[in-house]
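S.K.: Below is the file upload13.json, with JSON, C-alpha atoms.
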```
[["chain", "number", "residue", "atom", "x", "y", "z"],
["A", 1, "MET", "CA", 128.60, 111.51, 111.07],
["A", 2, "LYS", "CA", 126.23, 109.15, 112.87],
["A", 3, "TYR", "CA", 122.94, 109.37, 110.94],
["A", 4, "SER", "CA", 121.94, 110.14, 107.35],
["A", 5, "VAL", "CA", 118.26, 110.87, 106.71],
["A", 6, "ILE", "CA", 117.43, 109.71, 103.16],
["A", 7, "VAL", "CA", 114.32, 111.21, 101.55],
["A", 8, "PRO", "CA", 113.14, 110.34, 98.01],
["A", 9, "VAL", "CA", 110.90, 113.04, 96.53],
["A", 10, "TYR", "CA", 108.57, 113.22, 93.56],
["A", 11, "ASN", "CA", 106.67, 116.47, 92.92],
["A", 12, "ARG", "CA", 106.16, 117.27, 96.61],
["A", 13, "PRO", "CA", 108.02, 120.46, 97.57],
["A", 14, "ASP", "CA", 105.46, 121.47, 100.22],
["A", 15, "GLU", "CA", 105.86, 118.16, 102.03],
["A", 16, "VAL", "CA", 109.65, 118.43, 101.94],
["A", 17, "ASP", "CA", 109.39, 121.92, 103.43],
["A", 18, "GLU", "CA", 107.44, 120.58, 106.42],
["A", 19, "LEU", "CA", 109.80, 117.64, 106.89],
["A", 20, "LEU", "CA", 112.94, 119.79, 106.75],
["A", 21, "GLU", "CA", 111.41, 122.31, 109.13],
["A", 22, "SER", "CA", 110.79, 119.50, 111.62],
["A", 23, "LEU", "CA", 114.37, 118.23, 111.24],
["A", 24, "CYS", "CA", 115.67, 121.70, 112.13],
["A", 25, "SER", "CA", 114.10, 121.26, 115.57],
["A", 26, "GLN", "CA", 115.81, 117.95, 116.42],
["A", 27, "THR", "CA", 117.42, 117.89, 119.84],
["A", 28, "PHE", "CA", 120.03, 115.41, 118.52],
["A", 29, "LYS", "CA", 122.25, 117.21, 115.99],
["A", 30, "ASP", "CA", 124.74, 114.67, 114.57],
["A", 31, "PHE", "CA", 122.98, 113.96, 111.28],
["A", 32, "GLU", "CA", 122.80, 114.95, 107.64],
["A", 33, "VAL", "CA", 119.84, 115.02, 105.24],
["A", 34, "VAL", "CA", 120.04, 113.60, 101.72],
["A", 35, "ILE", "CA", 117.20, 114.68, 99.42],
["A", 36, "VAL", "CA", 116.91, 112.70, 96.18],
["A", 37, "GLU", "CA", 114.65, 114.35, 93.60],
["A", 38, "ASP", "CA", 113.28, 111.46, 91.53],
["A", 39, "GLY", "CA", 112.76, 113.18, 88.18],
["A", 40, "SER", "CA", 110.20, 115.64, 89.53],
["A", 41, "LYS", "CA", 108.62, 118.24, 87.25],
["A", 42, "ILE", "CA", 107.92, 120.37, 90.34],
["A", 43, "THR", "CA", 111.21, 120.29, 92.21],
["A", 44, "CYS", "CA", 112.04, 121.09, 95.81],
["A", 45, "LYS", "CA", 115.43, 122.65, 95.02],
["A", 46, "ASP", "CA", 114.34, 126.10, 96.23],
["A", 47, "VAL", "CA", 112.98, 124.57, 99.43],
["A", 48, "CYS", "CA", 116.27, 122.77, 100.08],
["A", 49, "ASP", "CA", 118.24, 125.96, 99.41],
["A", 50, "LYS", "CA", 116.21, 127.63, 102.17],
["A", 51, "TYR", "CA", 117.57, 125.13, 104.71],
["A", 52, "ALA", "CA", 121.10, 124.82, 103.30],
["A", 53, "ASN", "CA", 122.62, 127.01, 106.04],
["A", 54, "ILE", "CA", 120.62, 125.40, 108.83],
["A", 55, "LEU", "CA", 120.95, 121.68, 108.08],
["A", 56, "ASP", "CA", 123.81, 119.56, 106.78],
["A", 57, "LEU", "CA", 121.88, 118.95, 103.57],
["A", 58, "GLN", "CA", 122.69, 117.35, 100.24],
["A", 59, "TYR", "CA", 120.34, 117.70, 97.26],
["A", 60, "TYR", "CA", 120.48, 115.47, 94.18],
["A", 61, "TYR", "CA", 118.35, 115.41, 91.06],
["A", 62, "LYS", "CA", 118.14, 112.23, 88.98],
["A", 63, "GLU", "CA", 115.94, 110.66, 86.32],
["A", 64, "ASN", "CA", 112.77, 109.00, 87.56],
["A", 65, "SER", "CA", 113.27, 105.42, 88.71],
["A", 66, "GLY", "CA", 110.92, 105.07, 91.68],
["A", 67, "PRO", "CA", 111.41, 105.61, 95.42],
["A", 68, "GLY", "CA", 113.35, 102.40, 96.08],
["A", 69, "GLN", "CA", 116.11, 103.14, 93.59],
["A", 70, "SER", "CA", 116.16, 106.78, 94.71],
["A", 71, "ARG", "CA", 116.78, 105.60, 98.28],
["A", 72, "ASN", "CA", 119.64, 103.44, 97.03],
["A", 73, "TYR", "CA", 121.04, 106.45, 95.17],
["A", 74, "GLY", "CA", 120.95, 108.51, 98.35],
["A", 75, "VAL", "CA", 122.49, 105.85, 100.58],
["A", 76, "GLU", "CA", 125.40, 105.42, 98.16],
["A", 77, "ARG", "CA", 126.20, 109.11, 98.68],
["A", 78, "ALA", "CA", 125.49, 109.25, 102.42],
["A", 79, "LYS", "CA", 128.18, 109.65, 105.08],
["A", 80, "GLY", "CA", 126.39, 108.42, 108.20],
["A", 81, "ASP", "CA", 127.07, 105.18, 110.05],
["A", 82, "TYR", "CA", 123.30, 104.60, 110.03],
["A", 83, "VAL", "CA", 120.80, 105.58, 107.35],
["A", 84, "LEU", "CA", 117.22, 106.57, 108.17],
["A", 85, "ILE", "CA", 114.75, 106.01, 105.35],
["A", 86, "VAL", "CA", 111.92, 108.53, 105.69],
["A", 87, "ASP", "CA", 109.08, 109.37, 103.28],
["A", 88, "SER", "CA", 108.58, 112.96, 102.19],
["A", 89, "ASP", "CA", 105.06, 113.00, 103.69],
["A", 90, "ALA", "CA", 106.40, 112.36, 107.19],
["A", 91, "VAL", "CA", 107.09, 114.95, 109.88],
["A", 92, "ALA", "CA", 109.51, 114.21, 112.73],
["A", 93, "PRO", "CA", 108.85, 115.31, 116.33],
["A", 94, "ALA", "CA", 111.76, 117.12, 118.00],
["A", 95, "GLY", "CA", 112.86, 114.02, 119.92],
["A", 96, "TYR", "CA", 112.80, 111.61, 116.95],
["A", 97, "LEU", "CA", 116.55, 111.21, 116.44],
["A", 98, "GLN", "CA", 117.24, 111.32, 120.16],
["A", 99, "ALA", "CA", 114.77, 108.45, 120.67],
["A", 100, "ILE", "CA", 116.64, 106.40, 118.04],
["A", 101, "ASP", "CA", 120.01, 107.14, 119.62],
["A", 102, "ASP", "CA", 118.73, 106.31, 123.11],
["A", 103, "GLU", "CA", 117.30, 103.00, 121.89],
["A", 104, "LEU", "CA", 120.53, 102.01, 120.12],
["A", 105, "ARG", "CA", 122.52, 102.79, 123.26],
["A", 106, "ARG", "CA", 120.12, 100.73, 125.36],
["A", 107, "GLN", "CA", 120.19, 97.74, 123.00],
["A", 108, "PRO", "CA", 122.20, 97.85, 119.75],
["A", 109, "SER", "CA", 120.42, 96.72, 116.60],
["A", 110, "ASP", "CA", 121.40, 96.44, 112.95],
["A", 111, "ALA", "CA", 118.01, 97.67, 111.74],
["A", 112, "TRP", "CA", 114.77, 98.98, 113.13],
["A", 113, "GLY", "CA", 111.50, 100.63, 112.33],
["A", 114, "GLY", "CA", 109.23, 103.05, 114.11],
["A", 115, "PRO", "CA", 105.46, 103.58, 114.26],
["A", 116, "ASP", "CA", 103.49, 106.55, 112.99],
["A", 117, "ALA", "CA", 100.79, 108.81, 114.32],
["A", 118, "ALA", "CA", 98.41, 111.54, 113.17],
["A", 119, "HIS", "CA", 99.26, 115.16, 113.95],
["A", 120, "ASP", "CA", 96.62, 117.56, 115.25],
["A", 121, "SER", "CA", 97.02, 119.61, 112.06],
["A", 122, "PHE", "CA", 96.00, 116.69, 109.82],
["A", 123, "THR", "CA", 92.61, 116.84, 108.15],
["A", 124, "ASP", "CA", 89.85, 114.70, 109.63],
["A", 125, "VAL", "CA", 90.12, 112.35, 106.64],
["A", 126, "GLN", "CA", 93.88, 111.95, 107.20],
["A", 127, "LYS", "CA", 93.28, 111.20, 110.88],
["A", 128, "ALA", "CA", 90.66, 108.60, 109.94],
["A", 129, "ILE", "CA", 93.02, 106.98, 107.42],
["A", 130, "SER", "CA", 95.81, 106.99, 110.00],
["A", 131, "TYR", "CA", 93.51, 105.18, 112.42],
["A", 132, "ALA", "CA", 92.59, 102.59, 109.79],
["A", 133, "MET", "CA", 96.25, 101.85, 109.08],
["A", 134, "THR", "CA", 97.42, 101.61, 112.68],
["A", 135, "SER", "CA", 94.55, 100.20, 114.75],
["A", 136, "PHE", "CA", 94.75, 96.70, 116.22],
["A", 137, "PHE", "CA", 91.16, 96.21, 115.02],
["A", 138, "THR", "CA", 92.18, 96.65, 111.37],
["A", 139, "THR", "CA", 95.83, 95.68, 110.83],
["A", 140, "GLY", "CA", 96.41, 93.62, 113.94],
["A", 141, "GLY", "CA", 99.08, 96.07, 115.12],
["A", 142, "ILE", "CA", 101.63, 94.77, 112.60],
["A", 143, "ARG", "CA", 102.60, 98.32, 111.57],
["A", 144, "GLY", "CA", 104.09, 99.19, 114.95],
["A", 145, "GLY", "CA", 101.35, 98.74, 117.51],
["A", 146, "LYS", "CA", 102.06, 97.63, 121.07],
["A", 147, "LYS", "CA", 99.95, 94.51, 120.41],
["A", 148, "GLN", "CA", 100.88, 92.60, 117.25],
["A", 149, "LEU", "CA", 99.53, 89.54, 115.45],
["A", 150, "ASP", "CA", 102.74, 89.08, 113.45],
["A", 151, "LYS", "CA", 106.46, 89.86, 113.54],
["A", 152, "PHE", "CA", 107.22, 93.55, 113.05],
["A", 153, "TYR", "CA", 108.51, 94.46, 109.59],
["A", 154, "PRO", "CA", 109.81, 98.04, 109.24],
["A", 155, "ARG", "CA", 108.13, 100.15, 106.56],
["A", 156, "SER", "CA", 109.89, 102.63, 104.31],
["A", 157, "PHE", "CA", 108.20, 105.68, 105.83],
["A", 158, "ASN", "CA", 110.28, 105.19, 109.00],
["A", 159, "LEU", "CA", 113.12, 102.67, 108.73],
["A", 160, "GLY", "CA", 116.69, 102.70, 110.00],
["A", 161, "ILE", "CA", 119.64, 100.41, 109.28],
["A", 162, "ARG", "CA", 123.42, 100.38, 109.53],
["A", 163, "ARG", "CA", 124.75, 101.76, 106.25],
["A", 164, "GLU", "CA", 127.13, 98.80, 105.84],
["A", 165, "ALA", "CA", 124.23, 96.37, 106.19],
["A", 166, "TYR", "CA", 122.13, 98.33, 103.69],
["A", 167, "LEU", "CA", 124.90, 98.21, 101.08],
["A", 168, "ALA", "CA", 125.60, 94.52, 101.76],
["A", 169, "LEU", "CA", 121.94, 93.73, 101.07],
["A", 170, "GLY", "CA", 121.99, 95.74, 97.86],
["A", 171, "GLY", "CA", 119.35, 98.14, 99.11],
["A", 172, "PHE", "CA", 115.81, 98.14, 97.77],
["A", 173, "SER", "CA", 115.02, 95.65, 95.03],
["A", 174, "LYS", "CA", 114.11, 96.52, 91.44],
["A", 175, "THR", "CA", 111.54, 93.71, 91.42],
["A", 176, "ARG", "CA", 107.98, 94.76, 90.62],
["A", 177, "PHE", "CA", 105.62, 93.37, 93.28],
["A", 178, "SER", "CA", 102.35, 94.98, 92.21],
["A", 179, "LYS", "CA", 100.73, 96.91, 89.39],
["A", 180, "MET", "CA", 102.53, 99.92, 90.85],
["A", 181, "SER", "CA", 106.16, 99.04, 91.52],
["A", 182, "LEU", "CA", 106.57, 100.93, 94.81],
["A", 183, "TYR", "CA", 104.23, 98.62, 96.72],
["A", 184, "GLY", "CA", 105.83, 95.68, 98.47],
["A", 185, "GLU", "CA", 109.44, 96.78, 98.11],
["A", 186, "ASP", "CA", 109.77, 97.79, 101.76],
["A", 187, "ILE", "CA", 108.47, 94.41, 102.98],
["A", 188, "ASP", "CA", 110.86, 92.68, 100.58],
["A", 189, "PHE", "CA", 113.73, 94.70, 102.07],
["A", 190, "SER", "CA", 112.63, 93.93, 105.64],
["A", 191, "ILE", "CA", 112.39, 90.21, 104.88],
["A", 192, "ARG", "CA", 115.89, 90.24, 103.42],
["A", 193, "ILE", "CA", 117.17, 91.99, 106.57],
["A", 194, "TYR", "CA", 115.85, 89.14, 108.72],
["A", 195, "LYS", "CA", 116.96, 86.38, 106.33],
["A", 196, "ALA", "CA", 120.50, 87.77, 106.27],
["A", 197, "GLY", "CA", 120.66, 87.36, 110.03],
["A", 198, "TYR", "CA", 120.69, 91.04, 110.96],
["A", 199, "SER", "CA", 119.02, 92.08, 114.20],
["A", 200, "CYS", "CA", 115.84, 94.09, 113.60],
["A", 201, "ARG", "CA", 113.14, 95.33, 115.94],
["A", 202, "LEU", "CA", 110.58, 98.00, 116.69],
["A", 203, "PHE", "CA", 111.70, 101.26, 118.28],
["A", 204, "PRO", "CA", 108.36, 102.27, 119.84],
["A", 205, "GLU", "CA", 109.40, 105.80, 120.79],
["A", 206, "ALA", "CA", 110.93, 106.63, 117.39],
["A", 207, "TRP", "CA", 107.66, 107.60, 115.75],
["A", 208, "VAL", "CA", 106.79, 110.12, 113.06],
["A", 209, "TRP", "CA", 103.65, 111.89, 111.97],
["A", 210, "HIS", "CA", 102.73, 110.32, 108.64],
["A", 211, "LYS", "CA", 100.26, 112.08, 106.36],
["A", 212, "ARG", "CA", 99.53, 109.11, 104.09],
["A", 213, "ARG", "CA", 96.77, 109.75, 101.53],
["A", 214, "THR", "CA", 94.54, 112.83, 101.53],
["A", 215, "ASP", "CA", 91.29, 111.26, 100.26],
["A", 216, "PHE", "CA", 89.58, 107.90, 100.15],
["A", 217, "ARG", "CA", 90.07, 107.38, 96.39],
["A", 218, "LYS", "CA", 93.85, 107.63, 96.71],
["A", 219, "PHE", "CA", 93.71, 105.54, 99.88],
["A", 220, "TRP", "CA", 91.81, 102.78, 98.01],
["A", 221, "ARG", "CA", 94.49, 102.71, 95.32],
["A", 222, "GLN", "CA", 97.22, 102.45, 97.96],
["A", 223, "VAL", "CA", 95.71, 99.57, 99.90],
["A", 224, "TYR", "CA", 94.57, 97.75, 96.73],
["A", 225, "ASN", "CA", 98.15, 97.72, 95.44],
["A", 226, "SER", "CA", 99.46, 96.63, 98.83],
["A", 227, "GLY", "CA", 97.08, 93.68, 98.79],
["A", 228, "TYR", "CA", 98.08, 92.84, 95.22],
["A", 229, "ALA", "CA", 101.77, 92.95, 96.16],
["A", 230, "ARG", "CA", 101.35, 90.57, 99.12],
["A", 231, "ILE", "CA", 100.71, 87.56, 96.88],
["A", 232, "ASN", "CA", 103.80, 88.31, 94.79],
["A", 233, "LEU", "CA", 105.85, 88.64, 97.96],
["A", 234, "TRP", "CA", 104.50, 85.28, 99.14],
["A", 235, "ARG", "CA", 105.57, 83.64, 95.88],
["A", 236, "MET", "CA", 109.13, 84.81, 96.58],
["A", 237, "TYR", "CA", 109.12, 84.39, 100.37],
["A", 238, "PRO", "CA", 106.66, 81.86, 101.86],
["A", 239, "GLU", "CA", 107.12, 83.51, 105.26],
["A", 240, "ALA", "CA", 105.70, 86.76, 103.85],
["A", 241, "LEU", "CA", 102.13, 85.44, 104.08],
["A", 242, "LYS", "CA", 100.61, 84.97, 107.51],
["A", 243, "PRO", "CA", 96.96, 84.51, 108.55],
["A", 244, "VAL", "CA", 96.71, 88.21, 109.45],
["A", 245, "HIS", "CA", 97.37, 89.11, 105.80],
["A", 246, "ALA", "CA", 94.40, 87.03, 104.63],
["A", 247, "LEU", "CA", 91.96, 88.63, 107.07],
["A", 248, "PRO", "CA", 91.01, 91.57, 104.77],
["A", 249, "SER", "CA", 90.14, 89.07, 102.02],
["A", 250, "LEU", "CA", 87.96, 87.08, 104.42],
["A", 251, "PHE", "CA", 86.39, 90.34, 105.57],
["A", 252, "THR", "CA", 85.67, 91.32, 101.95],
["A", 253, "ILE", "CA", 84.08, 87.96, 101.17],
["A", 254, "GLY", "CA", 82.15, 88.11, 104.44],
["A", 255, "VAL", "CA", 80.80, 91.61, 103.72],
["A", 256, "ALA", "CA", 79.67, 90.52, 100.26],
["A", 257, "GLY", "CA", 77.98, 87.45, 101.74],
["A", 258, "LEU", "CA", 76.19, 89.42, 104.45],
["A", 259, "VAL", "CA", 74.90, 91.93, 101.92],
["A", 260, "VAL", "CA", 73.62, 89.13, 99.66],
["A", 261, "LEU", "CA", 71.94, 87.38, 102.58],
["A", 262, "ALA", "CA", 70.38, 90.54, 104.00],
["A", 263, "PRO", "CA", 67.06, 90.26, 102.05],
["A", 264, "PHE", "CA", 66.62, 86.66, 103.21],
["A", 265, "THR", "CA", 67.33, 87.37, 106.88],
["A", 266, "CYS", "CA", 65.33, 90.58, 107.23],
["A", 267, "GLY", "CA", 68.61, 92.44, 107.56],
["A", 268, "LEU", "CA", 69.76, 90.50, 110.62],
["A", 269, "SER", "CA", 72.94, 89.43, 108.82],
["A", 270, "LEU", "CA", 73.98, 93.08, 108.72],
["A", 271, "VAL", "CA", 73.98, 93.31, 112.52],
["A", 272, "LEU", "CA", 77.54, 91.94, 112.61],
["A", 273, "LEU", "CA", 78.70, 94.73, 110.30],
["A", 274, "LEU", "CA", 76.91, 97.32, 112.39],
["A", 275, "LEU", "CA", 78.50, 96.00, 115.58],
["A", 276, "TYR", "CA", 81.95, 96.16, 114.00],
["A", 277, "ALA", "CA", 81.26, 99.68, 112.74],
["A", 278, "LEU", "CA", 80.16, 100.67, 116.25],
["A", 279, "LEU", "CA", 83.41, 99.27, 117.68],
["A", 280, "ILE", "CA", 85.42, 101.33, 115.20],
["A", 281, "LEU", "CA", 83.33, 104.44, 115.90],
["A", 282, "LEU", "CA", 83.85, 104.21, 119.66],
["A", 283, "ASP", "CA", 87.56, 103.34, 119.55],
["A", 284, "SER", "CA", 88.52, 105.92, 116.92],
["A", 285, "SER", "CA", 86.39, 108.65, 118.51],
["A", 286, "ILE", "CA", 88.07, 108.07, 121.88],
["A", 287, "GLN", "CA", 91.55, 108.07, 120.36],
["A", 288, "SER", "CA", 90.97, 111.17, 118.24],
["A", 289, "LYS", "CA", 88.64, 112.88, 120.70],
["A", 290, "SER", "CA", 86.39, 113.62, 117.74],
["A", 291, "LEU", "CA", 83.07, 112.04, 116.82],
["A", 292, "LYS", "CA", 83.47, 113.28, 113.24],
["A", 293, "VAL", "CA", 86.78, 111.47, 112.88],
["A", 294, "GLY", "CA", 85.08, 108.43, 114.40],
["A", 295, "PHE", "CA", 82.45, 108.33, 111.64],
["A", 296, "LEU", "CA", 85.07, 108.97, 108.96],
["A", 297, "ALA", "CA", 87.14, 106.15, 110.45],
["A", 298, "ILE", "CA", 84.31, 103.71, 109.70],
["A", 299, "ALA", "CA", 84.58, 104.61, 106.01],
["A", 300, "ALA", "CA", 88.38, 104.50, 106.13],
["A", 301, "VAL", "CA", 88.40, 101.06, 107.74],
["A", 302, "PHE", "CA", 86.03, 99.60, 105.15],
["A", 303, "VAL", "CA", 88.09, 101.14, 102.35],
["A", 304, "GLN", "CA", 91.28, 99.77, 103.93],
["A", 305, "LEU", "CA", 90.02, 96.22, 104.45],
["A", 306, "ILE", "CA", 88.01, 95.82, 101.26],
["A", 307, "GLY", "CA", 90.56, 97.60, 99.07],
["A", 308, "TYR", "CA", 93.37, 95.39, 100.37],
["A", 309, "GLY", "CA", 91.14, 92.32, 100.17],
["A", 310, "VAL", "CA", 90.15, 92.97, 96.55],
["A", 311, "GLY", "CA", 93.79, 93.49, 95.53],
["A", 312, "PHE", "CA", 94.84, 90.34, 97.40],
["A", 313, "LEU", "CA", 92.10, 88.21, 95.82],
["A", 314, "GLU", "CA", 92.69, 89.57, 92.32],
["A", 315, "SER", "CA", 96.42, 88.91, 92.59],
["A", 316, "TRP", "CA", 95.80, 85.39, 93.90],
["A", 317, "TRP", "CA", 93.38, 84.64, 91.05],
["A", 318, "THR", "CA", 95.64, 86.16, 88.37],
["A", 319, "ASN", "CA", 99.01, 84.90, 89.57],
["A", 320, "CYS", "CA", 98.21, 81.65, 91.36],
["A", 321, "VAL", "CA", 95.06, 80.27, 89.72],
["A", 322, "ARG", "CA", 95.33, 81.51, 86.16],
["A", 323, "LYS", "CA", 99.14, 81.83, 86.45],
["A", 324, "HIS", "CA", 99.34, 84.96, 84.32],
["A", 325, "GLY", "CA", 101.83, 86.68, 86.62]]
```
Starting from the file, give its structure as structure tokens.

M.R.:
Amino acid sequence: MKYSVIVPVYNRPDEVDELLESLCSQTFKDFEVVIVEDGSKITCKDVCDKYANILDLQYYYKENSGPGQSRNYGVERAKGDYVLIVDSDAVAPAGYLQAIDDELRRQPSDAWGGPDAAHDSFTDVQKAISYAMTSFFTTGGIRGGKKQLDKFYPRSFNLGIRREAYLALGGFSKTRFSKMSLYGEDIDFSIRIYKAGYSCRLFPEAWVWHKRRTDFRKFWRQVYNSGYARINLWRMYPEALKPVHALPSLFTIGVAGLVVLAPFTCGLSLVLLLLYALLILLDSSIQSKSLKVGFLAIAAVFVQLIGYGVGFLESWWTNCVRKHG
């Protein structure tokens, strides 16, 4: 067995159904799927049974312990030489596994990560959120873009690693990096991959469709916790904090300053914000071929940058200034 696809699940049977359906269409067939039900009240057991005769599929139910420990649970029971960590809200194109295999044959690697994209079936809000999380104008391309302002660190929605290396590293950490424990654990794992001397890189063609959050309120909570976790990661690993990670905080402070100054400058200070919003509108509209998605992307980008910035600043104030962390 060459690959094991590890999927932690919590109350998301519909998402698992879509993911498993997409795995049935893979052109590369030497893989198994390991579903780890993390204490769900709404299980996906019936969904998994539907695919039991189509896929080499293992289903496990365990008490709730979070996605990181559920991934560890699955890897311990996997049979593949490589394990692929995939979130339940991802959908794999038919050539996903083949792209991974081709890349490993071209240049072997101990670990890797792939980018994500928005599917045509996603809602306009999901497409806007996807743009906010992947655009060079928002995240600097650090999540898998062709242009990057920082080293690429694989994320847990699309991460692969030799099973032996995963077990040697001890898998995902139990450390709590933010107010919600699941945020920051994938960056921690990626940092430990590099520090242990394993080779790790971006596989640009091994991408998935990633649904992310379905509304701006949930998206705010996600990015806020990611910003909060970054400071805690920095306290453990100084290399985890780069200038690109501070940009949302500077953006947040800058937006607040421009709004405060607006009455004293006859609104001229807001021109910079309008120009940035126009840039986002044009770029996202062209990429999505939808003006509606373009306008929604403006909202998504401001939620992404300010939400992350607020979490980052609050964590810095709490944990570094007041030292309550």

S.K.: Could you tell me which of A:Ala128, A:Leu268, A:Leu261, A:Leu313 comes closest to A:Leu291 if we count only C-alpha atoms?

M.R.: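 Closest to A:Leu291 of all the choices is A:Ala128.
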
S.K.: Mind giving me the straight-line distance from atom CA of A:Gly74 to atom CA of A:Gly95 in Å, one decimal?

M.R.: 23.7 Å

S.K.: Quick one, how far is atom CA of A:Tyr3 from atom CA of A:Val33?

M.R.: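 These two atoms are separated by 8.6 Å.
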
S.K.: Report, in Å to a single decimal, how far apart atom CA of A:Ser40 and atom CA of A:Tyr61 are.

M.R.: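 Between atom CA of A:Tyr61 and atom CA of A:Ser40 the gap works out to 8.3 Å.
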
S.K.: Extract, using all atoms listed in the file, all DNA, RNA and protein residues at most 12 Å from A:Thr138, discarding same-chain residues fewer than 3 positions from it, and format them as a ChimeraX atom specification.

M.R.: /A:129-135,141-143,145,148-149,244-248,251,276-277,279-280,283-284,297-298,300-306,308

S.K.: Counting only C-alpha atoms, which residues of stretch 149-261 of chain A sit at most 8 Å from some atom of stretch 96-106 of chain A, and what is each one's closest atom pair with its distance in Å to one decimal, listed by chain and rising residue number, as CSV?

M.R.:
```
residue,atom,partner,partner_atom,distance
A:Phe203,CA,A:Glu103,CA,6.9
A:Glu205,CA,A:Ala99,CA,6.0
A:Ala206,CA,A:Tyr96,CA,5.3
A:Trp207,CA,A:Tyr96,CA,6.6
A:Val208,CA,A:Tyr96,CA,7.3
```
